[in-house]
Amino acid sequence: MDKAGDDTVYTSNPDGTTPPKAFNSIEVKFNYYRYDLNYDNWDIWVWTDKSGGQAVPLDKTTSFGKQGVLKLENLDGATKVGFIVRKSDWSSKDISEDRFITDFSADGKAEVWLAQGQRRIYDNPAKIDRTPRITKAAIDELNKITFETNFPFAYEEGKNPGIVLNGAEIEKVEAAGTVTGGLTNKVVIYTKNELDLSQAYTISKDGFGQATVQMGKVIGSKTFEDRFYYDGHDLGNTYTKEKTSFRLWAPTASEAKLVTYDRWNAATGTEIDMHRSVKGTWTAELSGDQKGLLYTYKVKVGDSWNEAVDPYVRATAVNGDKGAVVDLKETTPQNWKNTKPALKNREDAIIYETHIRDLTIDPNSGVSSAHKGKFLGVAETGTRGPNGVKTGLDHIKDLGVTHVQFIPMYDYNTASVDETHLDQPQYNWGYDPKNYNVPEGSYSTDPYTPTVRINEMKQMIQTLHDNNLRVVMDVVYNHMFSALESNFNKLVPGYYFRYNEDGSLSNGTGVGNDTASEHKMMSKFIVDSVTYWAKEYNIDGFRFDLMGIHDVDTMNAVRKALDEIDPSIIVIGEGWDLGTALDPELKANQKNAYKMPGIAHFNDDIRDGLKGSVFDGNDKGFINGKTDMELRIKKGVVGGIDYNDQIKNFAKDPEQTVTYVEAHDNNTLWDKLAITNGSDSDEVRKQMHKLASSIILTSQGMSFIHAGQDFMRTKNGNDNSYNAGDAVNQLDCADAASSMQRLSISRALYSLEKAILPSG
């Protein structure tokens with residue numbers, strides 16, 4: 001998965017309209033202020049786009065705080081300075097993400113001011129608010145609140161330093177931070193009785209104002225999980241003609257309401273009180289046939305009201321901003337069958353990855369204009385392009401693959417594609433989830449009618465099954481478009497996402513947030529979601545984006561739940577070792593593959609071994625001229641298993657390996673070869689390309705190809721085309737038509753794999 005946005009912090013607008021200034025020498029003065037006045041072991045780790053990292057000591061005391069100066073020479077055109085404020089042993093960071101300075105004087109100098117806990121880079125210290133205030137008041141246990149301020153206050157052991165907690169009685173206060181000269185800025189407050197997590201508490205101290213107490217480490221703790229884990233299967237809405245029942249999990253809410261609407265764009269609705277039920281759930285019931293009803297939930301958490309779409313909703317109005325009650329039985333196509341194409345062993349899978357829109361949107365695809373770029377476009381058969389070349393479904397079927405994998409087709413964020421403006425050019429891969437259990441409306445012929453997208457997606461799946469093709473769904477449970485604006489966080493703030501020790505959001509995904517699958521209700525949601533897709537839509541496999549963010553137990557629970565439905569359902573994922581705030585032993589990555597039988601990992605070792613690193617465009621591999629790569633290739637050919645003392649990798653069985661050389665991310669193989677071997681002729685590069693595909697398709701494990709790889713697809717050098725539009729991303733039928741020899745070779749390889757590779 002590639003980033004759908006840029007979360008770095010700049011001192012000037014990086015809008016690309018003005019070319020960045022380049023410097024051979026740079027000088028930056030870093031001024032740093034800590035509210036706790038404790039600068040021990042703190043320094044600035046810095047680097048540039050032309051030099052490696054180094055530490056800048058904060059060795060000068062100023063009226064502002066501490067100062068360190070960076071001076072660099074011979075940079076050969078550096079344009080920015082990156083930095084992290086950290087403790088010198090990396091035991092702590094003040095702001096975890098990378099920040100960048102891009103605004104320099106004509107002679108390459110800059111001065112910046114930084115304040116503890118603030119992401120912003122200031123160009124003037126007067127802009128920094130240093131008013132004494134409470135910076136943290138968080139419930140970490142049922143009778144424990146951590147309290148911090150930005151300035152130290154007087155503290156005497158055994159005494160309350162004037163802290164007032166409204167709504168609960170304080171039993172004692174203990175220092176939690178450094179006490180210097182009778183001053184500290186951090187204490188722990190113990191209450192006489194357990195705190196009610198659904199109640200709003202405020203806390204105050206003379207001179208520091210008042211703050212609302214927030215949820216801290218108590219969220220997701222064993223005590224919390226034991227008290228509030230709900231194992232029922234009726235979350236969301238349950239429809240019958242006689243009544244519709246609603247159940248919401250919101251244990252930290254003091255009130256909850258069901259809000260119903262009469263149209264998709266209504267600004268106000270009718271509020272109905274929900275009733276507190278077991279394990280932190282809330283319920284409501286509406287009598288009569290509620291089919292077509294639009295609704296949301298409202299909860300009061302602390303002193304604030306939040307409104308959000310039901311996370312368990314299975315249908316929505318246009319753009320997914322309101323849930324919908326539907327009769328799922330009415331969404332089933334007439335030819336719907338529970339049977340699916342045979343698959344003797346999971347490692348027999350040959351997976352073809354594509355995007356719903358890419359497959360048919362080309363004007364020359366032969367697909368009817370009303371269905372281009374839609375679910376129903378994929379379901380069209382008999383389509384032809386230039387020179388009679390088979391297109392769309394017929395093209396895939398002719399290749400001889402077993403599975404078609406679609407990159408996200410759940411409901412993704414409106415900022416990526418606005419379903420109310422489908423007459424305008426819009427494009428996105430969809431790695432920004434909004435409603436996990438709802439199909440994406442832009443792929444339907446009518447996103448305004450909630451049942452249409454469900455029915456049309458089912459029609460597509462059934463047609464693929466009828467043509468002996470299984471369906472793999474790309475799922476992105478590892479993050480959401482925005483943590484703060486997500487339905488998860490609005491309904492149960494702080495629970496569904498993972499946090500660093502300093503309270504900032506963990507960002508192993510690189511897009512600003514990581515979900516917390518180690519929390520039982522998040523894990524349950526993931527398992528409930530995949531089983532819903534498997535049962536209701538007959539999905540045959542799941543590709544877990546950035547699977548290394550998730551925990552081993554959740555992935556094993558997914559495998560177990562799917563085995564109970566159909567053991568032939570495949571589970572594959574990106575088992576990368578990602579920097580998320582989770583114990584390394586718990587991460588669902590390649591290193592822990594042995595703990596996750598029946599789950600396959602994309603093998604980046606053979607990918608980069610064949611063509612060169614995806615992180616270095618100029619790096620070569622086995623097929624394009626790099627020497628001493630044979631052992632690396634052999635490890636991939638055997639499916640990543642322990643074949644002998646030298647040929648071994650992460651897998652215990654070939655079914656745990658996805659063997660590939662190209663996917664939607666990064667350059668296509670053809671574009672990579674254009675970079676690494678631009679001086680070679682097209683014919684030579686074609687032979688390299690064919691060699692790579694031959695190795696992939698004759699190796700053990702699941703084989704995986706990217707759409708268009710069979711005819712040496714180009715994206716004109718775009719290595720991250722997530723929003724690049726149809727001109728770059730569409731499958732070019734004219735290119736396919738001119739590549740018939742390549743297609744014939746690909747078909748022969750697929751047939752060869754099926755014929756010679758052992759099963760079982």
# chains A, B, ... in the order shown; residues from 1 in each chain; ligands from 1
>>> closest_atom_pairs(of="region 400-435 of chain A", to="region 728-731 of chain A", cutoff="10 Å", atoms="only C-alpha atoms", output="CSV")
residue,atom,partner,partner_atom,distance
A:Tyr427,CA,A:Asn729,CA,9.2
A:Asn428,CA,A:Asn729,CA,9.9
A:Trp429,CA,A:Asn729,CA,9.9
>>> residues_around(residues="Lys93 (chain A)", least_positions_apart="2", cutoff="12 Å", atoms="only C-alpha atoms", output="NGL selection string")
:A and (41-45 or 83-91 or 95-98 or 116-119 or 500-504)
>>> residues_around(residues="Tyr431 (chain A)", least_positions_apart="5", cutoff="12 Å", atoms="only C-alpha atoms", output="PyMOL selection string")
chain A and resi 1-5+355+406-417+436+440+474-482+509+511+544-546+664-665+722-723
>>> write_last_selection(atoms="C-alpha atoms", output="PDB file, in the first residue's frame")
ATOM      1  CA  MET A   1       0.000   0.000   0.000  1.00  0.00           C
ATOM      2  CA  ASP A   2       1.211   3.516  -0.756  1.00  0.00           C
ATOM      3  CA  LYS A   3       0.450   6.639   1.239  1.00  0.00           C
ATOM      4  CA  ALA A   4      -2.712   8.425   0.210  1.00  0.00           C
ATOM      5  CA  GLY A   5      -1.410  11.652   1.801  1.00  0.00           C
ATOM      6  CA  HIS A 355      -8.886  -2.474  -9.911  1.00  0.00           C
ATOM      7  CA  PHE A 406      -9.700  -6.564  -6.503  1.00  0.00           C
ATOM      8  CA  ILE A 407      -7.952  -3.730  -4.722  1.00  0.00           C
ATOM      9  CA  PRO A 408     -10.377  -2.040  -2.300  1.00  0.00           C
ATOM     10  CA  MET A 409     -14.041  -2.295  -3.221  1.00  0.00           C
ATOM     11  CA  TYR A 410     -15.504  -1.503   0.212  1.00  0.00           C
ATOM     12  CA  ASP A 411     -16.883   2.012   0.785  1.00  0.00           C
ATOM     13  CA  TYR A 412     -13.945   4.384   0.905  1.00  0.00           C
ATOM     14  CA  ASN A 413     -13.592   8.043   1.752  1.00  0.00           C
ATOM     15  CA  THR A 414     -15.487  10.798  -0.016  1.00  0.00           C
ATOM     16  CA  ALA A 415     -12.296  12.869  -0.193  1.00  0.00           C
ATOM     17  CA  SER A 416     -11.006  10.267  -2.653  1.00  0.00           C
ATOM     18  CA  VAL A 417     -14.143   9.791  -4.754  1.00  0.00           C
ATOM     19  CA  TYR A 436     -15.835  -1.602   5.997  1.00  0.00           C
ATOM     20  CA  GLU A 440     -18.043   1.229  -2.808  1.00  0.00           C
ATOM     21  CA  ASP A 474      -8.319  -6.464  -0.594  1.00  0.00           C
ATOM     22  CA  VAL A 475      -9.117  -5.415   2.997  1.00  0.00           C
ATOM     23  CA  VAL A 476      -7.551  -2.497   4.865  1.00  0.00           C
ATOM     24  CA  TYR A 477      -8.342  -2.931   8.545  1.00  0.00           C
ATOM     25  CA  ASN A 478      -4.935  -1.523   9.568  1.00  0.00           C
ATOM     26  CA  HIS A 479      -5.915   2.162   9.451  1.00  0.00           C
ATOM     27  CA  MET A 480      -8.674   4.575   8.526  1.00  0.00           C
ATOM     28  CA  PHE A 481      -8.668   7.767   6.478  1.00  0.00           C
ATOM     29  CA  SER A 482      -8.679   9.797   9.691  1.00  0.00           C
ATOM     30  CA  THR A 509       1.192   2.504   8.471  1.00  0.00           C
ATOM     31  CA  VAL A 511      -0.730   7.421   7.009  1.00  0.00           C
ATOM     32  CA  PHE A 544      -4.689  -8.035   4.214  1.00  0.00           C
ATOM     33  CA  ASP A 545      -3.075  -4.696   3.500  1.00  0.00           C
ATOM     34  CA  LEU A 546      -0.116  -4.006   5.831  1.00  0.00           C
ATOM     35  CA  HIS A 664      -0.261  -2.211  -7.879  1.00  0.00           C
ATOM     36  CA  ASP A 665       2.366  -0.522  -5.688  1.00  0.00           C
ATOM     37  CA  TYR A 722      -3.227   5.850  -6.483  1.00  0.00           C
ATOM     38  CA  ASN A 723      -4.961   8.986  -7.811  1.00  0.00           C
TER      39      ASN A 723
END
>>> residues_around(residues="Thr332 (chain A)", least_positions_apart="5", cutoff="12 Å", atoms="only C-alpha atoms", output="list of chain:residue names")
A:Val326, A:Asp327, A:Lys337, A:Asn338, A:Thr451, A:Val452, A:Arg453, A:Ile454, A:Asn455, A:Glu456, A:Met457, A:Lys458, A:Gln459, A:Met460, A:Ile461, A:Gln462, A:Glu536, A:Tyr537, A:Asn538
>>> select_by_dssp(residues="region 91-135 of chain A", states="strand (DSSP E)", output="list in words")
Lys93, Asp94, Ile95, Ser96, Glu97, Asp98, Arg99, Phe100, Ile101, Lys109, Ala110, Glu111, Val112, Trp113, Leu114, Ala115, Ile134 and Thr135 of chain A
>>> closest_atom_pairs(of="region 325-439 of chain A", to="region 295-310 of chain A", cutoff="10 Å", atoms="only C-alpha atoms", output="JSON lines")
{"residue": "A:Val325", "atom": "CA", "partner": "A:Tyr295", "partner_atom": "CA", "distance": 8.0}
{"residue": "A:Lys434", "atom": "CA", "partner": "A:Val309", "partner_atom": "CA", "distance": 9.4}
{"residue": "A:Asn435", "atom": "CA", "partner": "A:Val309", "partner_atom": "CA", "distance": 8.2}
>>> write_last_selection(atoms="C-alpha atoms", output="tab-separated table (two decimals), in the first residue's frame")
chain	number	residue	atom	x	y	z
A	325	VAL	CA	-31.64	-0.65	6.88
A	434	LYS	CA	-14.86	4.62	5.59
A	435	ASN	CA	-17.46	1.82	5.93
>>> closest_atom_pairs(of="region 389-499 of chain A", to="region 565-582 of chain A", cutoff="10 Å", atoms="only C-alpha atoms", output="tab-separated table")
residue	atom	partner	partner_atom	distance
A:His403	CA	A:Ile570	CA	9.9
A:Arg470	CA	A:Ile569	CA	9.4
A:Val471	CA	A:Ile569	CA	9.5
A:Val472	CA	A:Ile570	CA	8.0
A:Met473	CA	A:Val571	CA	9.8
A:Asp474	CA	A:Gly573	CA	9.1
A:Val475	CA	A:Gly573	CA	9.4
A:Arg498	CA	A:Ala581	CA	6.7
A:Tyr499	CA	A:Ala581	CA	6.7
>>> atom_distance(atom1="CA of Val614 (chain A)", atom2="CA of Lys672 (chain A)")
8.6 Å
>>> residues_around(residues="region 167-169 of chain A", least_positions_apart="4", cutoff="12 Å", atoms="only C-alpha atoms", output="PyMOL selection string")
chain A and resi 142-145+160+163+173+189-204+212-213+302
>>> residues_around(residues="region 262-272 of chain A", least_positions_apart="6", cutoff="7 Å", atoms="only C-alpha atoms", output="PyMOL selection string")
chain A and resi 294+317-318+322
>>> atom_distance(atom1="CA of Gly68 (chain A)", atom2="CA of Gly177 (chain A)")
25.3 Å
>>> closest_residue(among="A:Gly636, A:Glu518, A:Gly182, A:Asp362", to="Arg384 (chain A)", atoms="only C-alpha atoms")
A:Asp362
>>> residues_around(residues="Asn592 (chain A)", least_positions_apart="6", cutoff="9 Å", atoms="only C-alpha atoms", output="compact mmCIF listing (two decimals) with N, CA and C atoms, in the first residue's frame")
# COMPACT_ATOMS: atom_id res chain seq x y z
N VAL A 552 -0.84 -11.39 15.81
CA VAL A 552 -0.90 -12.80 15.42
C VAL A 552 -2.22 -13.43 15.82
N GLY A 575 3.14 -9.02 5.14
CA GLY A 575 3.71 -9.28 6.45
C GLY A 575 4.98 -8.50 6.71
N PRO A 584 6.97 -6.80 19.34
CA PRO A 584 7.41 -7.50 18.12
C PRO A 584 6.98 -8.96 18.06
N GLU A 585 6.87 -9.61 19.20
CA GLU A 585 6.46 -11.02 19.21
C GLU A 585 4.99 -11.20 18.84
N LEU A 586 4.23 -10.12 18.86
CA LEU A 586 2.80 -10.20 18.56
C LEU A 586 2.47 -9.79 17.14
N PHE A 650 11.07 -17.80 5.55
CA PHE A 650 10.14 -17.64 6.66
C PHE A 650 9.03 -18.68 6.71
>>> closest_residue(among="A:Tyr443, A:Tyr643, A:Glu141, A:Asp710", to="Ser221 (chain A)", atoms="only C-alpha atoms")
A:Glu141
>>> closest_residue(among="A:Glu27, A:Glu419, A:Asp735, A:Asp553", to="Met522 (chain A)", atoms="only C-alpha atoms")
A:Asp553
>>> closest_residue(among="A:Asn677, A:Leu343, A:Ser738, A:Met712", to="Ser693 (chain A)", atoms="only C-alpha atoms")
A:Met712
>>> closest_residue(among="A:Ile134, A:Ala126, A:Ala253, A:Leu75", to="Gly108 (chain A)", atoms="only C-alpha atoms")
A:Leu75
>>> closest_residue(among="A:Lys172, A:Arg276, A:Lys222, A:Arg247", to="Asp234 (chain A)", atoms="only C-alpha atoms")
A:Arg247
>>> decode(residues="region 346-358 of chain A", atoms="N, CA and C atoms", output="tab-separated table (two decimals), in the first residue's frame")
chain	number	residue	atom	x	y	z
A	346	ARG	N	-4.77	-24.64	-1.29
A	346	ARG	CA	-4.66	-23.19	-1.32
A	346	ARG	C	-3.44	-22.71	-2.11
A	347	GLU	N	-2.33	-23.49	-2.05
A	347	GLU	CA	-1.14	-23.06	-2.78
A	347	GLU	C	-1.27	-23.20	-4.29
A	348	ASP	N	-2.37	-23.78	-4.77
A	348	ASP	CA	-2.61	-23.88	-6.21
A	348	ASP	C	-3.11	-22.56	-6.81
A	349	ALA	N	-3.36	-21.58	-5.96
A	349	ALA	CA	-3.92	-20.31	-6.44
A	349	ALA	C	-2.96	-19.58	-7.37
A	350	ILE	N	-3.51	-19.07	-8.47
A	350	ILE	CA	-2.81	-18.13	-9.36
A	350	ILE	C	-3.66	-16.86	-9.36
A	351	ILE	N	-3.14	-15.81	-8.74
A	351	ILE	CA	-3.94	-14.62	-8.44
A	351	ILE	C	-3.64	-13.50	-9.44
A	352	TYR	N	-4.70	-12.90	-9.94
A	352	TYR	CA	-4.60	-11.77	-10.89
A	352	TYR	C	-5.16	-10.54	-10.18
A	353	GLU	N	-4.31	-9.54	-9.93
A	353	GLU	CA	-4.72	-8.35	-9.18
A	353	GLU	C	-5.15	-7.24	-10.13
A	354	THR	N	-6.32	-6.66	-9.86
A	354	THR	CA	-6.78	-5.55	-10.68
A	354	THR	C	-7.62	-4.59	-9.85
A	355	HIS	N	-8.04	-3.52	-10.49
A	355	HIS	CA	-8.89	-2.47	-9.91
A	355	HIS	C	-10.19	-2.49	-10.70
A	356	ILE	N	-11.31	-2.39	-10.02
A	356	ILE	CA	-12.61	-2.47	-10.70
A	356	ILE	C	-12.66	-1.53	-11.91
A	357	ARG	N	-12.23	-0.31	-11.72
A	357	ARG	CA	-12.32	0.68	-12.79
A	357	ARG	C	-11.29	0.42	-13.90
A	358	ASP	N	-10.06	0.10	-13.51
A	358	ASP	CA	-8.99	-0.11	-14.49
A	358	ASP	C	-9.37	-1.13	-15.56
